[in-house]
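J.: Handing you this structure, nothing more for now.
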Amino acid sequence: MNGDVGNNRIIASGEKKVAIVGGGLVGALNACYLARHGVEVHLYEYRDDIRQMEHVAGRSINLALSFRGRSALARVGLEQKVIEQHGIPMYGRMIHNPDGSRRSIPYGKADQCIYSVGRRYLNETMLTEAENHPNVHLHFHHKLIHSDLKKGKMVFENNGEEVQAEADLVLGCDGAYSAVRRQMMKMPRFNYSQTYIPHGYMELCIPPTQHGQFAMEPNYLHIWPRGQFMMIALPNQDKSWTVTLFMPFDVFDSLTNPDCLLDFFRVHYRDAIPLIGEEKLIKDFFSNRASSLVSIKCSPYHSSKGLIMGDAAHAMVPFYGQGMNAGFEDCLLLDELMTKHHMDLDRVLPEYTELRNPDAEAICDLAMYNYVEMRDLVNSRTFLLRKMLDNLLHAFFPNSWMPLYGMVSFSRVRYHRAIEHKRRQDKIVRSTVMALVAALAGGAAYLLQRGDLWRTAADTVHAQARQALAGLGL
């Protein structure tokens with residue numbers, strides 16, 4: 001059967017077999033989507049079943065779920081479950097100054113928020129949802145060691161033995177160090193670049209208070225911006241906070257003993273010490289190692305029987321909170337194209353690359369830029385002035401003027417078009433300021449008819465114009 005038979009279930013061709021390599025967030029959500037198309041789905045994950053694990057090693061930076069991710073979850077009926085059972089709304093940034101004072105910066109309108117959600121909870125929820133479909137089969141302890149993406153053939157290692165598999169489509173959802181992408185890199189005209197930033201990250205924790213409550217205001221993303229480094233904290237369901245410290249590796253390396261660490265925190269994060277606790281801070285810091293952050297761009301995303309998605313295609317630094325949301329939107333776009341082309345992979349896969357690549361590269365660039373904004377610009381008066389101007393203009397012209405953050409986090413405006421729209425808005429603001437400057441200059445010329453006075457007035461106006469443009473970040 002072909003065609004769309006309702007929002008809750010789409011049936012395509014039961015004859016097709018799809019292999020998903022990677023059982024993380026993007027792989028698990030893809031399994032949920034493909035199950036609705038009626039195809040036979042085999043998901044292969046090299047780790048244990050996360051639902052059976054007492055402790056999950058590796059990255060656990062809290063996730064910020066925004067509109068794109070919510071839209072993708074809604075399509076498979078999981079949005080409300082995730083938000084109601086596990087999501088904690090965050091309505092803005094809470095900035096912690098070095099002197100311990102705090103100030104909030106709203107993300108947008110009063111009712112606009114993003115949600116703090118746990119990576120493990122999301123992963124478990126989607127795996128369980130996928131497994132509820134009889135046409136989905138989960139295979140754990142299967143590590144991909146070879147694949148032929150022209151023929152759809154794969155070889156996995158399972159408990160020391162080789163397991164061969166074959167599929168009509170191989171989806172590489174196996175993260176930034178993707179084994180599927182590694183096979184694609186052998187293809188001619190495959191473009192690839194990666195950039196490690198000089199900053200690493202380390203996770204710490206603020207426990208609940210002695211009364212079992214949040215130690216800080218829970219409905220904010222808390223940020224300690226300090227120029228070349230910063231710290232953030234996101235709330236958890238158990239009233240604790242996942243704290244992530246971002247700074248250059250040479251700074252991490254310089255903190256070699258407890259006294260150095262506490263002195264560093266007393267200078268830069270004084271108010272965080274009693275929240276974390278001195279003993280816990282020392283224990284957590286020296287029992288962990290700083291991890292690296294990488295940004296990856298590549299193209300094309302497809303071969304004749306293969307497609308890479310999520311971090312495998314566009315790993316990004318975590319500073320725009322869009323890594324998961326972009327990966328979920330990948331799944332949503334693929335689902336839309338599968339429906340549009342009735343599972344015709346010869347049409348779906350090239351169009352997916354054509355549509356997704358410019359957006360994926362755009363959000364990788366935005367994520368890199370947002371690190372500068374979060375660690376430094378949020379303390380700038382010029383940044384705050386421009387944000388106030390954008391919000392004011394958006395209030396008067398909601399359909400034609402949108403702040404960049406709103407387009408990224410509260411809409412499905414394509415990422416690269418959001419950047420283009422922002423540039424047009426910058427141009428309008430710049431032109432408006434210059435028009436005002438010209439009007440002031442004309443008035444000065446009318447009032448000041450003597451040459452020396454005119455030149456002095458003109459110089460003053462031009463200096464004020466440059467200051468005004470700098471104040472708007474232009």
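Ordered as shown in the structure tokens, chains take letters A, B, and onward, while each chain numbers its residues from 1 and ligands are numbered from 1 in the order shown.
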Quick one: pick out all alpha helix (DSSP H) residues within stretch 142-364 of chain A from a backbone DSSP run and write them as a PyMOL selection string.
T.: chain A and resi 179-184+249-254+258-268+272-276+278-286+311-314+323-340+345-364
J.: For stretch 166-173 of chain A, please output as a PyMOL selection string all residues within 6 Å (counting only C-alpha atoms; exclusion window: fewer than 4 positions along the same chain).
T.: chain A and resi 17-22+27+152-153+180+305-309
J.: Could the residues in this selection be written to a file with N, CA and C atoms, as a PDB file, in the first residue's frame?
T.:
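Written out: result.pdb:
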```pdb
ATOM      1  N   LYS A  17      13.128  -2.938   3.562  1.00  0.00           N
ATOM      2  CA  LYS A  17      13.823  -3.155   4.824  1.00  0.00           C
ATOM      3  C   LYS A  17      14.803  -2.006   5.026  1.00  0.00           C
ATOM      4  N   VAL A  18      14.755  -1.411   6.210  1.00  0.00           N
ATOM      5  CA  VAL A  18      15.647  -0.297   6.548  1.00  0.00           C
ATOM      6  C   VAL A  18      16.480  -0.699   7.750  1.00  0.00           C
ATOM      7  N   ALA A  19      17.788  -0.474   7.659  1.00  0.00           N
ATOM      8  CA  ALA A  19      18.699  -0.696   8.774  1.00  0.00           C
ATOM      9  C   ALA A  19      19.116   0.654   9.342  1.00  0.00           C
ATOM     10  N   ILE A  20      18.983   0.812  10.646  1.00  0.00           N
ATOM     11  CA  ILE A  20      19.408   2.030  11.324  1.00  0.00           C
ATOM     12  C   ILE A  20      20.632   1.678  12.161  1.00  0.00           C
ATOM     13  N   VAL A  21      21.745   2.332  11.880  1.00  0.00           N
ATOM     14  CA  VAL A  21      22.968   2.109  12.640  1.00  0.00           C
ATOM     15  C   VAL A  21      23.063   3.214  13.691  1.00  0.00           C
ATOM     16  N   GLY A  22      22.917   2.830  14.947  1.00  0.00           N
ATOM     17  CA  GLY A  22      22.940   3.798  16.035  1.00  0.00           C
ATOM     18  C   GLY A  22      21.592   3.880  16.723  1.00  0.00           C
ATOM     19  N   GLY A  27      18.576   7.891  15.944  1.00  0.00           N
ATOM     20  CA  GLY A  27      18.264   6.537  15.473  1.00  0.00           C
ATOM     21  C   GLY A  27      16.947   6.032  16.030  1.00  0.00           C
ATOM     22  N   GLY A 152      23.879  -1.907   0.057  1.00  0.00           N
ATOM     23  CA  GLY A 152      23.098  -2.009   1.283  1.00  0.00           C
ATOM     24  C   GLY A 152      23.509  -3.166   2.171  1.00  0.00           C
ATOM     25  N   LYS A 153      24.776  -3.571   2.085  1.00  0.00           N
ATOM     26  CA  LYS A 153      25.253  -4.695   2.877  1.00  0.00           C
ATOM     27  C   LYS A 153      26.086  -4.202   4.053  1.00  0.00           C
ATOM     28  N   VAL A 180      29.362   4.755   9.594  1.00  0.00           N
ATOM     29  CA  VAL A 180      28.721   4.824   8.279  1.00  0.00           C
ATOM     30  C   VAL A 180      29.330   5.961   7.466  1.00  0.00           C
ATOM     31  N   LYS A 305      22.287   3.704  -1.428  1.00  0.00           N
ATOM     32  CA  LYS A 305      21.466   3.015  -0.434  1.00  0.00           C
ATOM     33  C   LYS A 305      21.837   3.423   0.993  1.00  0.00           C
ATOM     34  N   GLY A 306      22.415   4.584   1.127  1.00  0.00           N
ATOM     35  CA  GLY A 306      22.830   5.033   2.447  1.00  0.00           C
ATOM     36  C   GLY A 306      22.487   6.492   2.685  1.00  0.00           C
ATOM     37  N   LEU A 307      22.307   6.853   3.958  1.00  0.00           N
ATOM     38  CA  LEU A 307      22.015   8.234   4.336  1.00  0.00           C
ATOM     39  C   LEU A 307      22.516   8.446   5.761  1.00  0.00           C
ATOM     40  N   ILE A 308      23.250   9.529   5.970  1.00  0.00           N
ATOM     41  CA  ILE A 308      23.696   9.865   7.326  1.00  0.00           C
ATOM     42  C   ILE A 308      22.860  11.028   7.854  1.00  0.00           C
ATOM     43  N   MET A 309      22.593  10.994   9.143  1.00  0.00           N
ATOM     44  CA  MET A 309      21.696  11.973   9.758  1.00  0.00           C
ATOM     45  C   MET A 309      22.218  12.338  11.147  1.00  0.00           C
TER      46      MET A 309
END
```
J.: Just checking: using only C-alpha atoms, which residue out of A:Pro98, A:Ser104, A:Val413, A:Leu34 ends up closest to A:Val267?
T.: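 Comparing A:Pro98, A:Ser104, A:Val413, A:Leu34 against A:Val267, the winner is A:Pro98.
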J.: Which residues are close to A:Ala313, i.e. within 9 Å by only C-alpha atoms, leaving aside same-chain residues fewer than 6 positions away? Reply as a ChimeraX atom specification.
T.: /A:172-173,175-176,178,181,296-301,307,357,360
J.: Next, write the just-selected residues to a file, as a JSON list (two decimals), in the first residue's frame, keeping all heavy atoms as the atom set.
T.:
```json
[["chain", "number", "residue", "atom", "x", "y", "z"],
["A", 172, "GLY", "N", 22.70, 6.02, 8.72],
["A", 172, "GLY", "CA", 23.80, 6.22, 9.67],
["A", 172, "GLY", "C", 23.41, 7.28, 10.70],
["A", 172, "GLY", "O", 23.44, 8.47, 10.41],
["A", 173, "CYS", "N", 23.03, 6.82, 11.87],
["A", 173, "CYS", "CA", 22.66, 7.71, 12.98],
["A", 173, "CYS", "C", 23.60, 7.44, 14.15],
["A", 173, "CYS", "O", 23.17, 7.44, 15.31],
["A", 173, "CYS", "CB", 21.21, 7.48, 13.39],
["A", 173, "CYS", "SG", 20.02, 7.59, 12.04],
["A", 175, "GLY", "N", 26.36, 9.05, 15.31],
["A", 175, "GLY", "CA", 27.09, 10.09, 16.02],
["A", 175, "GLY", "C", 28.24, 10.72, 15.27],
["A", 175, "GLY", "O", 28.51, 10.43, 14.10],
["A", 176, "ALA", "N", 28.94, 11.60, 15.99],
["A", 176, "ALA", "CA", 29.98, 12.42, 15.38],
["A", 176, "ALA", "C", 31.13, 11.59, 14.82],
["A", 176, "ALA", "O", 31.79, 12.01, 13.87],
["A", 176, "ALA", "CB", 30.51, 13.43, 16.41],
["A", 178, "SER", "N", 30.97, 8.67, 13.29],
["A", 178, "SER", "CA", 30.14, 7.71, 12.57],
["A", 178, "SER", "C", 30.95, 6.70, 11.74],
["A", 178, "SER", "O", 31.79, 7.09, 10.91],
["A", 178, "SER", "CB", 29.17, 8.46, 11.66],
["A", 178, "SER", "OG", 28.55, 7.60, 10.75],
["A", 181, "ARG", "N", 29.53, 7.10, 8.10],
["A", 181, "ARG", "CA", 30.16, 8.22, 7.38],
["A", 181, "ARG", "C", 31.58, 7.87, 6.95],
["A", 181, "ARG", "O", 32.05, 8.28, 5.88],
["A", 181, "ARG", "CB", 30.18, 9.48, 8.25],
["A", 181, "ARG", "CG", 30.65, 10.73, 7.49],
["A", 181, "ARG", "CD", 30.84, 11.92, 8.40],
["A", 181, "ARG", "NE", 31.92, 11.70, 9.34],
["A", 181, "ARG", "CZ", 31.78, 11.83, 10.66],
["A", 181, "ARG", "NH1", 30.61, 12.17, 11.19],
["A", 181, "ARG", "NH2", 32.81, 11.61, 11.45],
["A", 296, "ILE", "N", 31.36, 19.39, 12.74],
["A", 296, "ILE", "CA", 31.60, 18.61, 11.52],
["A", 296, "ILE", "C", 30.63, 19.04, 10.42],
["A", 296, "ILE", "O", 29.44, 19.19, 10.66],
["A", 296, "ILE", "CB", 31.44, 17.10, 11.79],
["A", 296, "ILE", "CG1", 32.58, 16.60, 12.68],
["A", 296, "ILE", "CG2", 31.37, 16.29, 10.49],
["A", 296, "ILE", "CD1", 32.42, 15.16, 13.12],
["A", 297, "LYS", "N", 31.18, 19.24, 9.24],
["A", 297, "LYS", "CA", 30.38, 19.51, 8.04],
["A", 297, "LYS", "C", 30.79, 18.52, 6.96],
["A", 297, "LYS", "O", 31.98, 18.19, 6.84],
["A", 297, "LYS", "CB", 30.60, 20.93, 7.53],
["A", 297, "LYS", "CG", 30.21, 22.04, 8.48],
["A", 297, "LYS", "CD", 30.51, 23.40, 7.88],
["A", 297, "LYS", "CE", 30.15, 24.53, 8.82],
["A", 297, "LYS", "NZ", 30.48, 25.86, 8.24],
["A", 298, "CYS", "N", 29.81, 18.06, 6.19],
["A", 298, "CYS", "CA", 30.13, 17.17, 5.08],
["A", 298, "CYS", "C", 29.00, 17.19, 4.06],
["A", 298, "CYS", "O", 27.91, 17.70, 4.34],
["A", 298, "CYS", "CB", 30.38, 15.74, 5.57],
["A", 298, "CYS", "SG", 28.95, 14.94, 6.32],
["A", 299, "SER", "N", 29.27, 16.67, 2.90],
["A", 299, "SER", "CA", 28.24, 16.51, 1.86],
["A", 299, "SER", "C", 28.81, 15.64, 0.74],
["A", 299, "SER", "O", 30.03, 15.63, 0.53],
["A", 299, "SER", "CB", 27.81, 17.87, 1.30],
["A", 299, "SER", "OG", 28.87, 18.47, 0.56],
["A", 300, "PRO", "N", 27.94, 14.91, 0.05],
["A", 300, "PRO", "CA", 26.49, 14.77, 0.26],
["A", 300, "PRO", "C", 26.20, 13.85, 1.43],
["A", 300, "PRO", "O", 27.10, 13.15, 1.92],
["A", 300, "PRO", "CB", 26.01, 14.16, -1.06],
["A", 300, "PRO", "CG", 27.18, 13.34, -1.53],
["A", 300, "PRO", "CD", 28.41, 14.11, -1.12],
["A", 301, "TYR", "N", 24.96, 13.84, 1.86],
["A", 301, "TYR", "CA", 24.57, 13.00, 2.98],
["A", 301, "TYR", "C", 24.14, 11.60, 2.53],
["A", 301, "TYR", "O", 23.91, 10.74, 3.38],
["A", 301, "TYR", "CB", 23.41, 13.64, 3.75],
["A", 301, "TYR", "CG", 23.75, 14.96, 4.39],
["A", 301, "TYR", "CD1", 22.79, 15.97, 4.50],
["A", 301, "TYR", "CD2", 25.02, 15.22, 4.90],
["A", 301, "TYR", "CE1", 23.09, 17.18, 5.10],
["A", 301, "TYR", "CE2", 25.33, 16.42, 5.49],
["A", 301, "TYR", "CZ", 24.36, 17.40, 5.59],
["A", 301, "TYR", "OH", 24.67, 18.60, 6.18],
["A", 307, "LEU", "N", 22.31, 6.85, 3.96],
["A", 307, "LEU", "CA", 22.02, 8.23, 4.34],
["A", 307, "LEU", "C", 22.52, 8.45, 5.76],
["A", 307, "LEU", "O", 22.25, 7.63, 6.64],
["A", 307, "LEU", "CB", 20.50, 8.50, 4.27],
["A", 307, "LEU", "CG", 20.05, 9.92, 4.63],
["A", 307, "LEU", "CD1", 20.49, 10.91, 3.57],
["A", 307, "LEU", "CD2", 18.52, 9.97, 4.80],
["A", 357, "ASN", "N", 21.44, 20.10, 3.61],
["A", 357, "ASN", "CA", 22.82, 20.52, 3.77],
["A", 357, "ASN", "C", 22.99, 22.02, 4.06],
["A", 357, "ASN", "O", 23.73, 22.38, 4.99],
["A", 357, "ASN", "CB", 23.64, 20.11, 2.55],
["A", 357, "ASN", "CG", 25.08, 20.56, 2.67],
["A", 357, "ASN", "OD1", 25.51, 21.49, 2.01],
["A", 357, "ASN", "ND2", 25.84, 19.89, 3.53],
["A", 360, "ALA", "N", 21.92, 22.59, 7.68],
["A", 360, "ALA", "CA", 22.80, 21.97, 8.67],
["A", 360, "ALA", "C", 24.09, 22.77, 8.83],
["A", 360, "ALA", "O", 24.56, 22.99, 9.95],
["A", 360, "ALA", "CB", 23.10, 20.53, 8.27]]
```
J.: Within 9 Å of A:Cys331, counting only C-alpha atoms, which residues qualify if same-chain residues fewer than 2 places away don't, as a ChimeraX atom specification?
T.: /A:26-27,29-30,33,72,309-310,326-329,333-336
J.: Take the selection from the previous step and output its residues with N, CA, C and O atoms, as a PDB file, in the first residue's frame.
T.:
```
ATOM      1  N   VAL A  26      18.598  10.180  17.552  1.00  0.00           N
ATOM      2  CA  VAL A  26      18.138  10.271  16.159  1.00  0.00           C
ATOM      3  C   VAL A  26      17.783   8.898  15.615  1.00  0.00           C
ATOM      4  O   VAL A  26      16.776   8.728  14.913  1.00  0.00           O
ATOM      5  N   GLY A  27      18.576   7.891  15.944  1.00  0.00           N
ATOM      6  CA  GLY A  27      18.264   6.537  15.473  1.00  0.00           C
ATOM      7  C   GLY A  27      16.947   6.032  16.030  1.00  0.00           C
ATOM      8  O   GLY A  27      16.130   5.450  15.308  1.00  0.00           O
ATOM      9  N   LEU A  29      14.367   7.820  17.155  1.00  0.00           N
ATOM     10  CA  LEU A  29      13.228   8.542  16.589  1.00  0.00           C
ATOM     11  C   LEU A  29      12.973   8.108  15.152  1.00  0.00           C
ATOM     12  O   LEU A  29      11.817   7.965  14.733  1.00  0.00           O
ATOM     13  N   ASN A  30      14.032   7.862  14.383  1.00  0.00           N
ATOM     14  CA  ASN A  30      13.849   7.359  13.018  1.00  0.00           C
ATOM     15  C   ASN A  30      13.110   6.028  13.017  1.00  0.00           C
ATOM     16  O   ASN A  30      12.269   5.767  12.149  1.00  0.00           O
ATOM     17  N   TYR A  33       9.460   6.722  13.330  1.00  0.00           N
ATOM     18  CA  TYR A  33       8.897   7.226  12.078  1.00  0.00           C
ATOM     19  C   TYR A  33       8.735   6.113  11.050  1.00  0.00           C
ATOM     20  O   TYR A  33       7.674   5.966  10.425  1.00  0.00           O
ATOM     21  N   ALA A  72       8.923  17.401  15.805  1.00  0.00           N
ATOM     22  CA  ALA A  72       9.272  16.043  15.393  1.00  0.00           C
ATOM     23  C   ALA A  72       8.676  15.005  16.334  1.00  0.00           C
ATOM     24  O   ALA A  72       8.185  13.957  15.900  1.00  0.00           O
ATOM     25  N   MET A 309      22.593  10.994   9.143  1.00  0.00           N
ATOM     26  CA  MET A 309      21.696  11.973   9.758  1.00  0.00           C
ATOM     27  C   MET A 309      22.218  12.338  11.147  1.00  0.00           C
ATOM     28  O   MET A 309      23.034  11.628  11.734  1.00  0.00           O
ATOM     29  N   GLY A 310      21.718  13.426  11.700  1.00  0.00           N
ATOM     30  CA  GLY A 310      22.113  13.855  13.032  1.00  0.00           C
ATOM     31  C   GLY A 310      23.585  14.211  13.087  1.00  0.00           C
ATOM     32  O   GLY A 310      24.155  14.747  12.134  1.00  0.00           O
ATOM     33  N   ALA A 326      18.004  19.831  15.743  1.00  0.00           N
ATOM     34  CA  ALA A 326      18.327  19.682  14.324  1.00  0.00           C
ATOM     35  C   ALA A 326      18.276  18.223  13.907  1.00  0.00           C
ATOM     36  O   ALA A 326      17.789  17.881  12.823  1.00  0.00           O
ATOM     37  N   GLY A 327      18.774  17.329  14.762  1.00  0.00           N
ATOM     38  CA  GLY A 327      18.703  15.900  14.457  1.00  0.00           C
ATOM     39  C   GLY A 327      17.279  15.404  14.366  1.00  0.00           C
ATOM     40  O   GLY A 327      16.937  14.604  13.481  1.00  0.00           O
ATOM     41  N   PHE A 328      16.419  15.859  15.281  1.00  0.00           N
ATOM     42  CA  PHE A 328      15.010  15.472  15.224  1.00  0.00           C
ATOM     43  C   PHE A 328      14.345  16.044  13.971  1.00  0.00           C
ATOM     44  O   PHE A 328      13.493  15.393  13.358  1.00  0.00           O
ATOM     45  N   GLU A 329      14.720  17.255  13.601  1.00  0.00           N
ATOM     46  CA  GLU A 329      14.151  17.835  12.384  1.00  0.00           C
ATOM     47  C   GLU A 329      14.626  17.076  11.151  1.00  0.00           C
ATOM     48  O   GLU A 329      13.906  16.988  10.153  1.00  0.00           O
ATOM     49  N   LEU A 333      12.048  15.810   8.371  1.00  0.00           N
ATOM     50  CA  LEU A 333      12.205  16.090   6.940  1.00  0.00           C
ATOM     51  C   LEU A 333      12.216  14.789   6.140  1.00  0.00           C
ATOM     52  O   LEU A 333      11.558  14.694   5.094  1.00  0.00           O
ATOM     53  N   LEU A 334      12.953  13.786   6.624  1.00  0.00           N
ATOM     54  CA  LEU A 334      12.988  12.509   5.897  1.00  0.00           C
ATOM     55  C   LEU A 334      11.593  11.907   5.815  1.00  0.00           C
ATOM     56  O   LEU A 334      11.191  11.398   4.765  1.00  0.00           O
ATOM     57  N   ASP A 335      10.845  11.985   6.905  1.00  0.00           N
ATOM     58  CA  ASP A 335       9.476  11.460   6.914  1.00  0.00           C
ATOM     59  C   ASP A 335       8.607  12.200   5.898  1.00  0.00           C
ATOM     60  O   ASP A 335       7.818  11.579   5.166  1.00  0.00           O
ATOM     61  N   GLU A 336       8.748  13.507   5.834  1.00  0.00           N
ATOM     62  CA  GLU A 336       7.970  14.302   4.876  1.00  0.00           C
ATOM     63  C   GLU A 336       8.308  13.911   3.443  1.00  0.00           C
ATOM     64  O   GLU A 336       7.410  13.801   2.585  1.00  0.00           O
TER      65      GLU A 336
END
```
J.: Please tabulate, as a tab-separated table, the residues of stretch 97-125 of chain A that come within 10 Å of stretch 86-89 of chain A, each with its closest pair of atoms and the distance in Å to one decimal, counting only C-alpha atoms and ordering rows by chain, then residue number upward.
T.:
```
residue	atom	partner	partner_atom	distance
A:Gln112	CA	A:Pro89	CA	9.1
A:Cys113	CA	A:Pro89	CA	5.9
A:Ile114	CA	A:Pro89	CA	5.7
A:Tyr115	CA	A:Pro89	CA	4.5
A:Ser116	CA	A:Ile88	CA	5.1
A:Val117	CA	A:Gly87	CA	5.2
A:Gly118	CA	A:His86	CA	7.7
A:Tyr121	CA	A:His86	CA	7.9
A:Leu122	CA	A:His86	CA	8.8
```
